[in-house]
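Source file: model.pdb; contents: PDB, C-alpha atoms.
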ATOM      1  CA  MET A  24      -6.309  36.235   8.448
ATOM      2  CA  ARG A  25      -9.822  34.824   8.790
ATOM      3  CA  LYS A  26     -11.263  37.702   6.764
ATOM      4  CA  GLY A  27      -8.684  37.090   4.038
ATOM      5  CA  THR A  28      -9.595  33.399   3.958
ATOM      6  CA  HIS A  29     -13.192  34.336   3.212
ATOM      7  CA  PHE A  30     -12.430  37.287   0.990
ATOM      8  CA  SER A  31      -9.821  35.893  -1.432
ATOM      9  CA  PRO A  32     -12.181  33.286  -2.928
ATOM     10  CA  THR A  33     -14.739  36.043  -3.504
ATOM     11  CA  TYR A  34     -12.843  37.688  -6.352
ATOM     12  CA  LYS A  35     -11.251  34.423  -7.513
ATOM     13  CA  ILE A  36     -14.685  32.896  -8.032
ATOM     14  CA  ARG A  37     -15.866  35.986  -9.897
ATOM     15  CA  LEU A  38     -12.889  35.738 -12.224
ATOM     16  CA  ALA A  39     -13.414  32.008 -12.714
ATOM     17  CA  ARG A  40     -17.041  32.499 -13.713
ATOM     18  CA  ILE A  41     -15.994  34.740 -16.597
ATOM     19  CA  ASN A  42     -14.287  32.081 -18.709
ATOM     20  CA  GLY A  43     -14.696  28.863 -16.727
ATOM     21  CA  THR A  44     -11.079  28.855 -15.543
ATOM     22  CA  ASN A  45      -9.214  30.340 -12.656
ATOM     23  CA  SER A  46      -8.044  33.608 -14.181
ATOM     24  CA  PHE A  47      -6.195  34.482 -11.005
ATOM     25  CA  HIS A  48      -3.436  32.051 -11.955
ATOM     26  CA  THR A  49      -2.673  34.176 -15.011
ATOM     27  CA  THR A  50      -1.854  37.247 -12.951
ATOM     28  CA  SER A  51       1.600  38.773 -12.697
ATOM     29  CA  PRO A  52       4.331  37.360 -10.428
ATOM     30  CA  LEU A  53       3.994  40.522  -8.342
ATOM     31  CA  LEU A  54       0.503  39.545  -7.253
ATOM     32  CA  ARG A  55       1.419  35.917  -6.662
ATOM     33  CA  ASP A  56       4.729  36.265  -4.874
ATOM     34  CA  ALA A  57       5.084  39.734  -3.356
ATOM     35  CA  HIS A  58       4.015  40.917   0.094
ATOM     36  CA  LEU A  59       1.648  43.776  -0.630
ATOM     37  CA  LYS A  60      -0.541  46.019   1.457
ATOM     38  CA  SER A  61      -4.270  45.788   0.850
ATOM     39  CA  TYR A  62      -4.500  48.904  -1.314
ATOM     40  CA  GLU A  63      -1.425  47.848  -3.319
ATOM     41  CA  PHE A  64      -2.905  44.440  -4.013
ATOM     42  CA  LYS A  65      -6.201  45.944  -5.158
ATOM     43  CA  ALA A  66      -4.465  48.496  -7.407
ATOM     44  CA  ASN A  67      -2.236  45.889  -9.051
ATOM     45  CA  LEU A  68      -5.062  43.426  -9.526
ATOM     46  CA  LEU A  69      -7.298  46.002 -11.205
ATOM     47  CA  ALA A  70      -4.411  47.274 -13.344
ATOM     48  CA  PHE A  71      -3.603  43.766 -14.543
ATOM     49  CA  PHE A  72      -7.187  43.095 -15.697
ATOM     50  CA  GLU A  73      -7.851  46.591 -17.009
ATOM     51  CA  SER A  74      -7.697  45.429 -20.621
ATOM     52  CA  ASP A  75     -10.144  42.566 -19.940
ATOM     53  CA  PHE A  76     -13.499  44.314 -19.798
ATOM     54  CA  ALA A  77     -15.470  41.414 -18.325
ATOM     55  CA  ALA A  78     -12.903  40.664 -15.616
ATOM     56  CA  PHE A  79     -12.382  44.336 -14.823
ATOM     57  CA  ASP A  80     -16.126  44.893 -14.514
ATOM     58  CA  ALA A  81     -16.500  41.861 -12.213
ATOM     59  CA  LEU A  82     -13.684  43.066  -9.958
ATOM     60  CA  ASN A  83     -15.156  46.558  -9.734
ATOM     61  CA  LYS A  84     -18.364  45.058  -8.395
ATOM     62  CA  VAL A  85     -16.505  43.685  -5.381
ATOM     63  CA  GLU A  86     -17.165  45.818  -2.301
ATOM     64  CA  TRP A  87     -13.468  46.420  -1.703
ATOM     65  CA  ASP A  88     -13.647  49.153   0.946
ATOM     66  CA  ALA A  89     -16.310  47.345   2.949
ATOM     67  CA  TRP A  90     -14.410  44.071   3.070
ATOM     68  CA  LEU A  91     -10.868  45.425   3.351
ATOM     69  CA  TYR A  92     -11.471  48.126   5.936
ATOM     70  CA  GLY A  93     -14.901  47.445   7.429
ATOM     71  CA  THR A  94     -15.943  45.047  10.159
ATOM     72  CA  GLY A  95     -17.393  41.591   9.767
ATOM     73  CA  LEU A  96     -16.637  38.777   7.361
ATOM     74  CA  PRO A  97     -17.377  38.532   3.640
ATOM     75  CA  PRO A  98     -19.933  35.882   2.623
ATOM     76  CA  LYS A  99     -18.601  32.414   3.224
ATOM     77  CA  PRO A 100     -17.518  31.001  -0.142
ATOM     78  CA  VAL A 101     -19.014  27.771  -1.425
ATOM     79  CA  TYR A 102     -16.235  25.292  -2.132
ATOM     80  CA  ASP A 103     -16.310  22.250  -4.371
ATOM     81  CA  THR A 104     -15.996  19.385  -1.887
ATOM     82  CA  SER A 105     -16.776  16.578  -4.319
ATOM     83  CA  SER A 106     -13.192  15.260  -4.230
ATOM     84  CA  ILE A 107     -13.443  14.988  -0.431
ATOM     85  CA  GLU A 108     -16.935  13.558  -0.256
ATOM     86  CA  VAL A 109     -15.982  10.506  -2.330
ATOM     87  CA  CYS A 110     -13.225   9.781   0.200
ATOM     88  CA  TYR A 111     -15.622   9.814   3.130
ATOM     89  CA  LYS A 112     -18.055   7.633   1.199
ATOM     90  CA  LEU A 113     -15.357   5.035   0.547
ATOM     91  CA  ALA A 114     -14.272   5.106   4.194
ATOM     92  CA  ALA A 115     -17.906   4.600   5.211
ATOM     93  CA  LYS A 116     -18.064   1.509   2.995
ATOM     94  CA  TRP A 117     -15.048   0.085   4.811
ATOM     95  CA  SER A 118     -16.683   0.802   8.170
ATOM     96  CA  ARG A 119     -19.633  -1.388   7.113
ATOM     97  CA  ALA A 120     -17.588  -3.852   5.078
ATOM     98  CA  LYS A 121     -18.613  -6.977   6.958
ATOM     99  CA  ALA A 122     -22.222  -6.039   7.490
ATOM    100  CA  GLU A 123     -22.771  -5.128   3.848
ATOM    101  CA  ASN A 124     -20.301  -7.575   2.245
ATOM    102  CA  PHE A 125     -18.339  -4.739   0.703
ATOM    103  CA  GLU A 126     -15.929  -5.892  -1.988
ATOM    104  CA  PRO A 127     -13.183  -3.368  -2.820
ATOM    105  CA  LYS A 128     -12.287  -2.717  -6.437
ATOM    106  CA  ALA A 129      -9.279  -0.999  -7.980
ATOM    107  CA  GLU A 130     -11.710   1.500  -9.503
ATOM    108  CA  ASP A 131     -12.519   2.750  -5.986
ATOM    109  CA  ILE A 132      -9.400   4.911  -6.002
ATOM    110  CA  SER A 133      -8.600   5.009  -9.712
ATOM    111  CA  GLY A 134      -7.349   8.457 -10.707
ATOM    112  CA  TRP A 135      -7.222   9.643  -7.106
ATOM    113  CA  SER A 136      -4.504  11.838  -5.677
ATOM    114  CA  ALA A 137      -2.356  10.642  -2.784
ATOM    115  CA  ASN A 138      -4.110  13.148  -0.519
ATOM    116  CA  GLN A 139      -7.466  11.537  -1.221
ATOM    117  CA  VAL A 140      -6.133   8.088  -0.326
ATOM    118  CA  VAL A 141      -4.586   9.563   2.816
ATOM    119  CA  LEU A 142      -7.976  10.993   3.814
ATOM    120  CA  VAL A 143      -9.592   7.568   3.466
ATOM    121  CA  LEU A 144      -6.895   5.913   5.576
ATOM    122  CA  ASP A 145      -7.081   8.648   8.216
ATOM    123  CA  SER A 146     -10.823   8.083   8.421
ATOM    124  CA  VAL A 147     -10.366   4.323   8.688
ATOM    125  CA  GLN A 148      -7.982   4.828  11.617
ATOM    126  CA  GLU A 149     -10.748   6.635  13.489
ATOM    127  CA  PHE A 150     -13.140   3.680  13.340
ATOM    128  CA  VAL A 151     -14.395   2.524  16.727
ATOM    129  CA  HIS A 152     -14.154  -1.043  15.452
ATOM    130  CA  LYS A 153     -10.811  -1.422  13.690
ATOM    131  CA  LEU A 154     -10.410  -3.481  10.555
ATOM    132  CA  ASP A 155      -9.261  -7.063  10.985
ATOM    133  CA  LYS A 156      -6.415  -8.820   9.224
ATOM    134  CA  LEU A 157      -8.588 -10.216   6.421
ATOM    135  CA  GLU A 158      -9.874  -6.738   5.640
ATOM    136  CA  THR A 159      -6.448  -5.083   5.581
ATOM    137  CA  GLU A 160      -5.122  -7.876   3.385
ATOM    138  CA  ALA A 161      -8.041  -7.332   1.013
ATOM    139  CA  MET A 162      -7.373  -3.592   1.012
ATOM    140  CA  GLU A 163      -3.754  -4.108   0.045
ATOM    141  CA  SER A 164      -4.430  -6.818  -2.531
ATOM    142  CA  VAL A 165      -6.776  -4.481  -4.415
ATOM    143  CA  TYR A 166      -5.369  -1.002  -3.778
ATOM    144  CA  ALA A 167      -1.634  -1.903  -3.538
ATOM    145  CA  LEU A 168      -1.070   0.863  -0.974
ATOM    146  CA  ALA A 169       2.204  -0.565   0.328
ATOM    147  CA  LYS A 170       3.548  -0.472  -3.217
ATOM    148  CA  SER A 171       2.382   3.077  -3.939
ATOM    149  CA  GLY A 172       5.830   4.583  -3.343
ATOM    150  CA  ASP A 173       4.202   7.466  -1.470
ATOM    151  CA  ALA A 174       5.481   7.626   2.115
ATOM    152  CA  GLU A 175       2.322   9.330   3.409
ATOM    153  CA  VAL A 176       0.101   6.621   1.956
ATOM    154  CA  MET A 177       2.355   3.734   2.945
ATOM    155  CA  ALA A 178       2.814   4.878   6.534
ATOM    156  CA  ARG A 179      -0.910   5.287   7.037
ATOM    157  CA  TYR A 180      -1.676   1.910   5.548
ATOM    158  CA  TYR A 181       0.916   0.338   7.823
ATOM    159  CA  ARG A 182      -0.827   1.921  10.819
ATOM    160  CA  VAL A 183      -4.187   0.509   9.779
ATOM    161  CA  ALA A 184      -2.660  -2.930   9.194
ATOM    162  CA  LEU A 185      -0.630  -2.910  12.422
ATOM    163  CA  LYS A 186      -3.781  -2.128  14.400
ATOM    164  CA  ALA A 187      -5.251  -5.247  12.801
ATOM    165  CA  LYS A 188      -2.072  -7.190  13.701
ATOM    166  CA  ASP A 189      -1.566  -7.987  10.047
ATOM    167  CA  ASP A 190       1.899  -9.558  10.087
ATOM    168  CA  SER A 191       2.344  -9.013   6.355
ATOM    169  CA  VAL A 192       3.266  -5.379   7.087
ATOM    170  CA  TYR A 193       5.739  -6.076   9.901
ATOM    171  CA  LYS A 194       8.720  -6.428   7.573
ATOM    172  CA  PRO A 195       8.030  -3.338   5.410
ATOM    173  CA  THR A 196       7.350  -1.325   8.561
ATOM    174  CA  VAL A 197      10.695  -2.369  10.015
ATOM    175  CA  GLU A 198      12.366  -1.443   6.727
ATOM    176  CA  LEU A 199      10.728   1.984   6.849
ATOM    177  CA  PHE A 200      12.108   2.539  10.352
ATOM    178  CA  GLY A 201      15.625   2.182   8.979
ATOM    179  CA  LYS A 202      15.086   4.538   6.039
ATOM    180  CA  ASP A 203      12.841   7.346   7.261
ATOM    181  CA  GLY A 204      13.302   8.881  10.694
ATOM    182  CA  ARG A 205      10.610  11.547  10.482
ATOM    183  CA  MET A 206       8.640  11.607  13.715
ATOM    184  CA  LYS A 207       5.264  11.900  11.999
ATOM    185  CA  PHE A 208       5.883   8.423  10.574
ATOM    186  CA  VAL A 209       8.058   6.786  13.192
ATOM    187  CA  LEU A 210       6.208   7.601  16.424
ATOM    188  CA  PRO A 211       2.736   6.257  15.580
ATOM    189  CA  LEU A 212       4.183   3.232  13.783
ATOM    190  CA  TYR A 213       6.313   2.244  16.774
ATOM    191  CA  LYS A 214       3.251   2.581  18.966
ATOM    192  CA  TRP A 215       1.252   0.118  16.896
ATOM    193  CA  LEU A 216       4.139  -2.241  16.191
ATOM    194  CA  ASN A 217       4.681  -2.371  19.949
ATOM    195  CA  GLU A 218       1.029  -3.374  20.368
ATOM    196  CA  ALA A 219       1.283  -6.000  17.642
ATOM    197  CA  ASP A 220       4.746  -7.461  18.342
ATOM    198  CA  ARG A 221       6.599  -5.875  21.249
ATOM    199  CA  GLN A 222       9.781  -7.900  20.842
ATOM    200  CA  LEU A 223      10.107  -6.881  17.200
ATOM    201  CA  ALA A 224       9.447  -3.236  18.086
ATOM    202  CA  VAL A 225      12.168  -3.209  20.768
ATOM    203  CA  GLU A 226      14.693  -5.052  18.598
ATOM    204  CA  THR A 227      14.020  -2.692  15.683
ATOM    205  CA  PHE A 228      14.433   0.364  17.853
ATOM    206  CA  GLU A 229      17.722  -0.861  19.340
ATOM    207  CA  LYS A 230      19.006  -1.508  15.824
ATOM    208  CA  ASN A 231      18.047   1.946  14.512
ATOM    209  CA  ARG A 232      18.187   4.149  17.608
ATOM    210  CA  VAL A 233      21.267   6.114  16.557
ATOM    211  CA  PHE A 234      19.566   6.871  13.231
ATOM    212  CA  TYR A 235      16.845   8.921  14.910
ATOM    213  CA  HIS A 236      16.993  12.498  16.111
ATOM    214  CA  LEU A 237      17.589  12.757  19.864
ATOM    215  CA  ILE A 238      14.073  14.057  20.578
ATOM    216  CA  CYS A 239      12.514  11.325  18.472
ATOM    217  CA  ARG A 240      14.664   8.705  20.166
ATOM    218  CA  ARG A 241      13.657   9.801  23.640
ATOM    219  CA  ILE A 242       9.950   9.822  22.811
ATOM    220  CA  ILE A 243      10.166   6.292  21.397
ATOM    221  CA  GLU A 244      12.048   5.129  24.503
ATOM    222  CA  LYS A 245       9.355   6.637  26.680
ATOM    223  CA  ASP A 246       6.644   4.896  24.637
ATOM    224  CA  LEU A 247       8.419   1.542  24.626
ATOM    225  CA  PHE A 248       9.905   1.441  28.111
ATOM    226  CA  GLY A 249       7.761   3.805  30.163
ATOM    227  CA  LYS A 250       8.382   7.014  32.110
ATOM    228  CA  ARG A 251      10.209   5.469  35.022
ATOM    229  CA  THR A 252      12.710   3.467  33.040
ATOM    230  CA  ARG A 253      16.166   5.030  33.243
ATOM    231  CA  ARG A 254      18.394   3.728  30.503
ATOM    232  CA  ARG A 255      22.056   4.011  31.316
ATOM    233  CA  ASN A 256      24.965   4.262  28.913
ATOM    234  CA  MET A 257      22.748   5.718  26.223
ATOM    235  CA  LYS A 258      24.573   6.185  22.958
ATOM    236  CA  PHE A 259      24.047   9.692  21.622
TER     237      PHE A 259
END
The structure in this file should be written as structure tokens.
Amino acid sequence: MRKGTHFSPTYKIRLARINGTNSFHTTSPLLRDAHLKSYEFKANLLAFFESDFAAFDALNKVEWDAWLYGTGLPPKPVYDTSSIEVCYKLAAKWSRAKAENFEPKAEDISGWSANQVVLVLDSVQEFVHKLDKLETEAMESVYALAKSGDAEVMARYYRVALKAKDDSVYKPTVELFGKDGRMKFVLPLYKWLNEADRQLAVETFEKNRVFYHLICRRIIEKDLFGKRTRRRNMKF
């Protein structure tokens, strides 16, 4: 698996250099969807590009036998990480927001994918010094994360804001608890709502407890009420 991770970009990059695009995406469904043995994959790939002299020549220069059947790893491919680096740079600005008087702008994330915004928010959550309420309010007023409509983005913003005890996200967080029971959203959000407003967290859980999967429900109960609490007459 690790060898394949290194090896597959080797011929993809060679194909891409021929015409500036990723020629691999033009290959037959057999190569994209089927489960093939190594020699079958090589044979089909070469056959598909046989009529394209430049591509065929580039593929023949790949040391197939050495990398498919020999020991060791192919050269580590060089990936384009520019779309990731800008995310870390923006997160770094938020980490020094007060010290450097950082002022967010809508252009900071203009044209970004949801995954890029998620990466920024994940990085922000790792800060040793969490953002305060004024900063999370500024983040939302400019980036409109809570209005993005993307559950991954919204849930992560709510976490950041709950850690700051920003009460403007309490209501939308509670609403999310009643609409989306996925543990990857629910568990961390209950944790931080409990830290910010325990009474609201408990009341919200009691209202929505039957909505959650049994495993999810039990984990939340453990987080809210502790290991030793035995809740009788539980409604399953």
Got a sec: who's within 10 Å of Leu185 in chain A, counting only C-alpha atoms, leaving out chain neighbours fewer than 5 positions off, as a list in words?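 Answer for this query is Leu154, Asp155, Lys156, Thr159, Arg179, Tyr180, Asp190, Ser191, Val192, Tyr193, Thr196, Leu212, Tyr213, Lys214, Trp215, Leu216, Asn217, Glu218, Ala219 and Asp220 of chain A.
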Take the residues from that selection and put them in a file with C-alpha atoms, as a short mmCIF file (atom, residue, chain, number, x, y, z; two decimals), in the coordinates of the input.
data_model
loop_
_atom_site.label_atom_id
_atom_site.label_comp_id
_atom_site.auth_asym_id
_atom_site.auth_seq_id
_atom_site.Cartn_x
_atom_site.Cartn_y
_atom_site.Cartn_z
CA LEU A 154 -10.41 -3.48 10.56
CA ASP A 155 -9.26 -7.06 10.98
CA LYS A 156 -6.42 -8.82 9.22
CA THR A 159 -6.45 -5.08 5.58
CA ARG A 179 -0.91 5.29 7.04
CA TYR A 180 -1.68 1.91 5.55
CA ASP A 190 1.90 -9.56 10.09
CA SER A 191 2.34 -9.01 6.36
CA VAL A 192 3.27 -5.38 7.09
CA TYR A 193 5.74 -6.08 9.90
CA THR A 196 7.35 -1.32 8.56
CA LEU A 212 4.18 3.23 13.78
CA TYR A 213 6.31 2.24 16.77
CA LYS A 214 3.25 2.58 18.97
CA TRP A 215 1.25 0.12 16.90
CA LEU A 216 4.14 -2.24 16.19
CA ASN A 217 4.68 -2.37 19.95
CA GLU A 218 1.03 -3.37 20.37
CA ALA A 219 1.28 -6.00 17.64
CA ASP A 220 4.75 -7.46 18.34
#
Would you work out the distance separating CA of Gln148 in chain A from CA of Asp189 in chain A, expressed in Å to one decimal?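 Value for the CA of Gln148 in chain A-CA of Asp189 in chain A distance: 14.4 Å.
For the pair CA of Ser118 in chain A and CA of Met206 in chain A, the interatomic distance is 28.1 Å.
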Find the residue from A:Lys112, A:Lys128, A:Arg119, A:Arg182 that sits nearest to Val151 in chain A; use only C-alpha atoms when measuring. A:Arg119
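The shell of residues at most 10 Å from His236 in chain A, with all atoms listed in the file counted and near chain neighbours (fewer than 2 positions) removed, consists of A:Gly204, A:Arg205, A:Met206, A:Arg232, A:Val233, A:Phe234, A:Ile238, A:Cys239, A:Arg240, A:Arg241, A:Phe259.
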Using only C-alpha atoms, which of A:Ile132, A:Ser106, A:Glu86, A:Lys186 sits nearest His152 in chain A? A:Lys186
Counting only C-alpha atoms, figure out which residue out of A:Leu113, A:Ala81, A:Met177, A:Ala187 gets nearest to Leu199 in chain A.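 Of A:Leu113, A:Ala81, A:Met177, A:Ala187, the one nearest Leu199 in chain A is A:Met177, counting only C-alpha atoms.
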CA of Val147 in chain A sits from CA of Lys170 in chain A at a separation of 18.9 Å
Axis-aligned box for range 169-187 of chain A, 4 Å per side, centre and edges in Å as AutoDock Vina command-line options:
--center_x 0.3 --center_y 2.0 --center_z 5.2 --size_x 19.1 --size_y 22.6 --size_z 26.3
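With distances taken over all atoms listed in the file, A:Val197 is the one residue among A:His58, A:Asp173, A:Val197, A:Lys207 lying closest to Phe228 in chain A.
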Could you give me, as a tab-separated table, every range 81-133 of chain A residue with an atom at most 10 Å from range 141-144 of chain A, plus its closest atom pair and distance in Å to one decimal, counting all atoms listed in the file, rows ordered by chain then number?
residue	atom	partner	partner_atom	distance
A:Ile107	CA	A:Leu142	CA	8.0
A:Val109	CA	A:Val143	CA	9.1
A:Cys110	CA	A:Val143	CA	5.4
A:Tyr111	CA	A:Val143	CA	6.4
A:Lys112	CA	A:Val143	CA	8.8
A:Leu113	CA	A:Val143	CA	6.9
A:Ala114	CA	A:Val143	CA	5.3
A:Ala115	CA	A:Val143	CA	9.0
A:Trp117	CA	A:Val143	CA	9.4
A:Ile132	CA	A:Val143	CA	9.8
Kindly indicate which residue among A:Ala70, A:Val183, A:Tyr235, A:Ala224 lies nearest to Asp203 in chain A, using only C-alpha atoms for the distances. A:Tyr235
Using all atoms listed in the file, which residues sit within 10 Å of Leu168 in chain A once same-chain residues fewer than 3 positions away are excluded, as an MDAnalysis selection string? chainID A and resid 140 162:165 171:174 176:181
Hey, which of A:Arg221, A:Glu158, A:Glu229, A:Ala89 ends up closest to Asn124 in chain A? Count only C-alpha atoms. A:Glu158
